[in-house]
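K.L.:
My structure is in final27.pdb, and what it holds is PDB, C-alpha atoms, pLDDT in the B column:
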ATOM      1  CA  ASN A   1      31.078 -11.151  -7.718  1.00 77.00           C
ATOM      2  CA  ILE A   2      29.259  -8.250  -6.184  1.00 79.00           C
ATOM      3  CA  GLN A   3      27.830  -8.874  -2.774  1.00 85.00           C
ATOM      4  CA  TRP A   4      24.101  -8.235  -2.235  1.00 84.00           C
ATOM      5  CA  VAL A   5      24.772  -5.418   0.223  1.00 85.00           C
ATOM      6  CA  VAL A   6      26.232  -3.060  -2.389  1.00 82.00           C
ATOM      7  CA  PRO A   7      23.098  -2.676  -4.573  1.00 81.00           C
ATOM      8  CA  THR A   8      20.962  -2.520  -1.454  1.00 81.00           C
ATOM      9  CA  LEU A   9      22.972   0.370  -0.040  1.00 81.00           C
ATOM     10  CA  SER A  10      22.941   2.228  -3.339  1.00 79.00           C
ATOM     11  CA  SER A  11      19.177   1.883  -3.671  1.00 80.00           C
ATOM     12  CA  LEU A  12      18.820   2.982  -0.059  1.00 78.00           C
ATOM     13  CA  CYS A  13      20.690   6.202  -0.804  1.00 74.00           C
ATOM     14  CA  THR A  14      18.656   6.727  -3.958  1.00 75.00           C
ATOM     15  CA  GLY A  15      15.433   6.170  -2.042  1.00 73.00           C
ATOM     16  CA  PHE A  16      16.391   8.684   0.621  1.00 74.00           C
ATOM     17  CA  GLY A  17      17.201  11.186  -2.104  1.00 73.00           C
ATOM     18  CA  LEU A  18      13.993  10.686  -4.078  1.00 71.00           C
ATOM     19  CA  PHE A  19      11.631  10.790  -1.116  1.00 71.00           C
ATOM     20  CA  PRO A  20      12.052  14.487  -0.282  1.00 73.00           C
ATOM     21  CA  LYS A  21      12.398  15.463  -3.906  1.00 74.00           C
ATOM     22  CA  PHE A  22       9.173  13.992  -5.259  1.00 77.00           C
ATOM     23  CA  PHE A  23       6.923  13.012  -2.394  1.00 79.00           C
ATOM     24  CA  LEU A  24       7.207  16.171  -0.333  1.00 81.00           C
ATOM     25  CA  GLN A  25       6.933  18.363  -3.423  1.00 84.00           C
ATOM     26  CA  LEU A  26       3.781  16.478  -4.366  1.00 84.00           C
ATOM     27  CA  LEU A  27       2.309  17.171  -0.937  1.00 87.00           C
ATOM     28  CA  ASN A  28       3.276  20.848  -1.191  1.00 88.00           C
ATOM     29  CA  TYR A  29       1.594  21.077  -4.588  1.00 89.00           C
ATOM     30  CA  ILE A  30      -1.559  19.410  -3.292  1.00 88.00           C
ATOM     31  CA  VAL A  31      -1.749  21.831  -0.362  1.00 91.00           C
ATOM     32  CA  ASP A  32      -1.187  24.842  -2.624  1.00 91.00           C
ATOM     33  CA  ALA A  33      -3.662  23.633  -5.241  1.00 89.00           C
ATOM     34  CA  SER A  34      -6.486  22.969  -2.794  1.00 88.00           C
ATOM     35  CA  LEU A  35      -6.063  25.411   0.066  1.00 88.00           C
ATOM     36  CA  MET A  36      -9.470  25.039   1.655  1.00 90.00           C
ATOM     37  CA  PHE A  37      -9.619  21.256   1.259  1.00 90.00           C
ATOM     38  CA  ALA A  38      -5.924  20.491   1.775  1.00 91.00           C
ATOM     39  CA  ALA A  39      -6.501  17.964   4.557  1.00 91.00           C
ATOM     40  CA  SER A  40      -8.987  16.010   2.450  1.00 90.00           C
ATOM     41  CA  ALA A  41      -6.675  16.096  -0.561  1.00 90.00           C
ATOM     42  CA  ILE A  42      -3.738  14.799   1.479  1.00 91.00           C
ATOM     43  CA  ALA A  43      -5.965  12.101   2.979  1.00 91.00           C
ATOM     44  CA  GLY A  44      -7.004  11.049  -0.528  1.00 89.00           C
ATOM     45  CA  THR A  45      -3.385  10.967  -1.645  1.00 87.00           C
ATOM     46  CA  THR A  46      -2.433   8.848   1.354  1.00 86.00           C
ATOM     47  CA  PHE A  47      -5.321   6.477   0.674  1.00 87.00           C
ATOM     48  CA  MET A  48      -4.329   6.046  -2.971  1.00 84.00           C
ATOM     49  CA  ARG A  49      -0.691   5.474  -2.020  1.00 83.00           C
ATOM     50  CA  SER A  50      -1.745   2.801   0.460  1.00 80.00           C
ATOM     51  CA  LEU A  51      -4.012   1.236  -2.149  1.00 79.00           C
ATOM     52  CA  ALA A  52      -1.138   1.128  -4.636  1.00 78.00           C
ATOM     53  CA  ILE A  53       1.115  -0.667  -2.132  1.00 78.00           C
ATOM     54  CA  ASN A  54      -1.577  -3.227  -1.258  1.00 75.00           C
ATOM     55  CA  PRO A  55      -0.457  -5.886  -3.810  1.00 74.00           C
ATOM     56  CA  LEU A  56       2.927  -6.122  -2.105  1.00 76.00           C
ATOM     57  CA  PHE A  57       1.523  -7.585   1.102  1.00 75.00           C
ATOM     58  CA  ALA A  58      -1.873  -8.982   0.082  1.00 74.00           C
ATOM     59  CA  CYS A  59      -0.512 -12.449  -0.750  1.00 75.00           C
ATOM     60  CA  TYR A  60       1.161 -12.721   2.649  1.00 77.00           C
ATOM     61  CA  ILE A  61      -2.078 -11.779   4.382  1.00 73.00           C
ATOM     62  CA  TYR A  62      -4.020 -14.437   2.481  1.00 73.00           C
ATOM     63  CA  GLU A  63      -1.410 -17.081   3.263  1.00 76.00           C
ATOM     64  CA  SER A  64      -1.217 -16.250   6.971  1.00 76.00           C
ATOM     65  CA  ILE A  65      -4.955 -16.074   7.723  1.00 72.00           C
ATOM     66  CA  VAL A  66      -6.330 -19.345   9.025  1.00 68.00           C
ATOM     67  CA  ILE A  67      -9.912 -18.598   7.995  1.00 64.00           C
ATOM     68  CA  ASN A  68     -11.102 -20.923   5.237  1.00 66.00           C
ATOM     69  CA  ASN A  69     -12.722 -18.197   3.191  1.00 68.00           C
ATOM     70  CA  CYS A  70     -10.348 -15.214   3.318  1.00 72.00           C
ATOM     71  CA  GLN A  71     -12.333 -13.253   0.779  1.00 74.00           C
ATOM     72  CA  THR A  72     -15.221 -13.102   3.251  1.00 77.00           C
ATOM     73  CA  LEU A  73     -12.987 -11.237   5.693  1.00 75.00           C
ATOM     74  CA  VAL A  74     -11.920  -8.727   3.052  1.00 74.00           C
ATOM     75  CA  ARG A  75     -15.501  -8.179   1.882  1.00 78.00           C
ATOM     76  CA  THR A  76     -16.709  -7.713   5.456  1.00 82.00           C
ATOM     77  CA  ILE A  77     -14.068  -5.064   6.125  1.00 79.00           C
ATOM     78  CA  ALA A  78     -14.991  -3.301   2.883  1.00 79.00           C
ATOM     79  CA  ILE A  79     -18.730  -3.357   3.595  1.00 84.00           C
ATOM     80  CA  VAL A  80     -18.260  -2.143   7.170  1.00 83.00           C
ATOM     81  CA  SER A  81     -16.065   0.756   6.034  1.00 80.00           C
ATOM     82  CA  VAL A  82     -18.434   1.959   3.269  1.00 82.00           C
ATOM     83  CA  PRO A  83     -20.697   4.108   5.498  1.00 84.00           C
ATOM     84  CA  SER A  84     -17.800   5.758   7.353  1.00 80.00           C
ATOM     85  CA  PRO A  85     -17.547   8.841   5.064  1.00 78.00           C
ATOM     86  CA  PHE A  86     -21.263   9.461   5.453  1.00 82.00           C
ATOM     87  CA  VAL A  87     -21.071   9.076   9.226  1.00 82.00           C
ATOM     88  CA  PHE A  88     -18.192  11.549   9.389  1.00 78.00           C
ATOM     89  CA  ASN A  89     -20.013  13.907   7.037  1.00 80.00           C
ATOM     90  CA  PHE A  90     -23.205  14.030   9.083  1.00 85.00           C
ATOM     91  CA  ASN A  91     -21.709  13.704  12.584  1.00 82.00           C
ATOM     92  CA  GLY A  92     -18.416  15.519  12.020  1.00 75.00           C
ATOM     93  CA  ARG A  93     -19.005  18.339  14.490  1.00 78.00           C
ATOM     94  CA  GLN A  94     -20.080  15.971  17.248  1.00 83.00           C
ATOM     95  CA  ILE A  95     -17.075  13.714  16.681  1.00 73.00           C
ATOM     96  CA  ARG A  96     -14.644  16.627  16.727  1.00 66.00           C
TER      97      ARG A  96
END
How would this structure read if it were set down as structure tokens?
P.N.:
Amino acid sequence: NIQWVVPTLSSLCTGFGLFPKFFLQLLNYIVDASLMFAASAIAGTTFMRSLAINPLFACYIYESIVINNCQTLVRTIAIVSVPSPFVFNFNGRQIR
């Protein structure tokens, strides 16, 4: 029988090897491809990566929230965050 630690350690080493190889090269490509808008492109990439990871923890959030209607909380956060790009677009110089 193989103990659970052995596959975990091997996947840990693989993960540490793949992170610099793919993720950092992706960020370098994004910066080189969009020089003037590199910060926005990296922010979009980070947002999409976070959105892709969302299903891993969404069930735990729904189970741990005591509010009866959890979907109302998620919708409220989404509606409140909708105007933020427009606010930053129009008031960007004042905020900086």
K.L.:
How many Å separate atom CA of Ile61 of chain A from atom CA of Leu73 of chain A?
P.N.:
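Interatomic distance here is 11.0 Å.
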K.L.:
Report, in Å with one decimal, the straight-line distance from atom CA of Pro83 of chain A to atom CA of Phe47 of chain A.
P.N.:
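Separation between atom CA of Pro83 of chain A and atom CA of Phe47 of chain A: 16.3 Å.
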K.L.:
For atom CA of Ala58 of chain A and atom CA of Ala78 of chain A, determine how far apart the two atoms are, in Å to one decimal place.
P.N.:
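Spanning atom CA of Ala58 of chain A to atom CA of Ala78 of chain A is a straight-line distance of 14.6 Å.
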K.L.:
Determine the nearest neighbour of Ala43 of chain A from the options A:Pro55, A:Tyr62, A:Leu27, A:Gly17, counting all atoms listed in the file.
P.N.:
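Comparing A:Pro55, A:Tyr62, A:Leu27, A:Gly17 against Ala43 of chain A, the winner is A:Leu27.
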K.L.:
For a quick check of understanding, using all atoms listed in the file, which of A:Leu18, A:Pro85, A:Thr46, A:Leu12 has the smallest distance to Ile30 of chain A?
P.N.:
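Closest residue, counting all atoms listed in the file: A:Thr46.
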K.L.:
Would you write out, as a list of chain:residue names, every residue that the PyMOL selection byres ((chain A and resi 42) around 12) captures in this file?
P.N.:
A:Phe23, A:Leu24, A:Leu26, A:Leu27, A:Asn28, A:Tyr29, A:Ile30, A:Val31, A:Asp32, A:Ala33, A:Ser34, A:Leu35, A:Met36, A:Phe37, A:Ala38, A:Ala39, A:Ser40, A:Ala41, A:Ala43, A:Gly44, A:Thr45, A:Thr46, A:Phe47, A:Met48, A:Arg49
K.L.:
Any chance you can output those residues with C-alpha atoms as a PDB file, in the coordinates of the input?
P.N.:
ATOM      1  CA  PHE A  23       6.923  13.012  -2.394  1.00 79.00           C
ATOM      2  CA  LEU A  24       7.207  16.171  -0.333  1.00 81.00           C
ATOM      3  CA  LEU A  26       3.781  16.478  -4.366  1.00 84.00           C
ATOM      4  CA  LEU A  27       2.309  17.171  -0.937  1.00 87.00           C
ATOM      5  CA  ASN A  28       3.276  20.848  -1.191  1.00 88.00           C
ATOM      6  CA  TYR A  29       1.594  21.077  -4.588  1.00 89.00           C
ATOM      7  CA  ILE A  30      -1.559  19.410  -3.292  1.00 88.00           C
ATOM      8  CA  VAL A  31      -1.749  21.831  -0.362  1.00 91.00           C
ATOM      9  CA  ASP A  32      -1.187  24.842  -2.624  1.00 91.00           C
ATOM     10  CA  ALA A  33      -3.662  23.633  -5.241  1.00 89.00           C
ATOM     11  CA  SER A  34      -6.486  22.969  -2.794  1.00 88.00           C
ATOM     12  CA  LEU A  35      -6.063  25.411   0.066  1.00 88.00           C
ATOM     13  CA  MET A  36      -9.470  25.039   1.655  1.00 90.00           C
ATOM     14  CA  PHE A  37      -9.619  21.256   1.259  1.00 90.00           C
ATOM     15  CA  ALA A  38      -5.924  20.491   1.775  1.00 91.00           C
ATOM     16  CA  ALA A  39      -6.501  17.964   4.557  1.00 91.00           C
ATOM     17  CA  SER A  40      -8.987  16.010   2.450  1.00 90.00           C
ATOM     18  CA  ALA A  41      -6.675  16.096  -0.561  1.00 90.00           C
ATOM     19  CA  ALA A  43      -5.965  12.101   2.979  1.00 91.00           C
ATOM     20  CA  GLY A  44      -7.004  11.049  -0.528  1.00 89.00           C
ATOM     21  CA  THR A  45      -3.385  10.967  -1.645  1.00 87.00           C
ATOM     22  CA  THR A  46      -2.433   8.848   1.354  1.00 86.00           C
ATOM     23  CA  PHE A  47      -5.321   6.477   0.674  1.00 87.00           C
ATOM     24  CA  MET A  48      -4.329   6.046  -2.971  1.00 84.00           C
ATOM     25  CA  ARG A  49      -0.691   5.474  -2.020  1.00 83.00           C
TER      26      ARG A  49
END
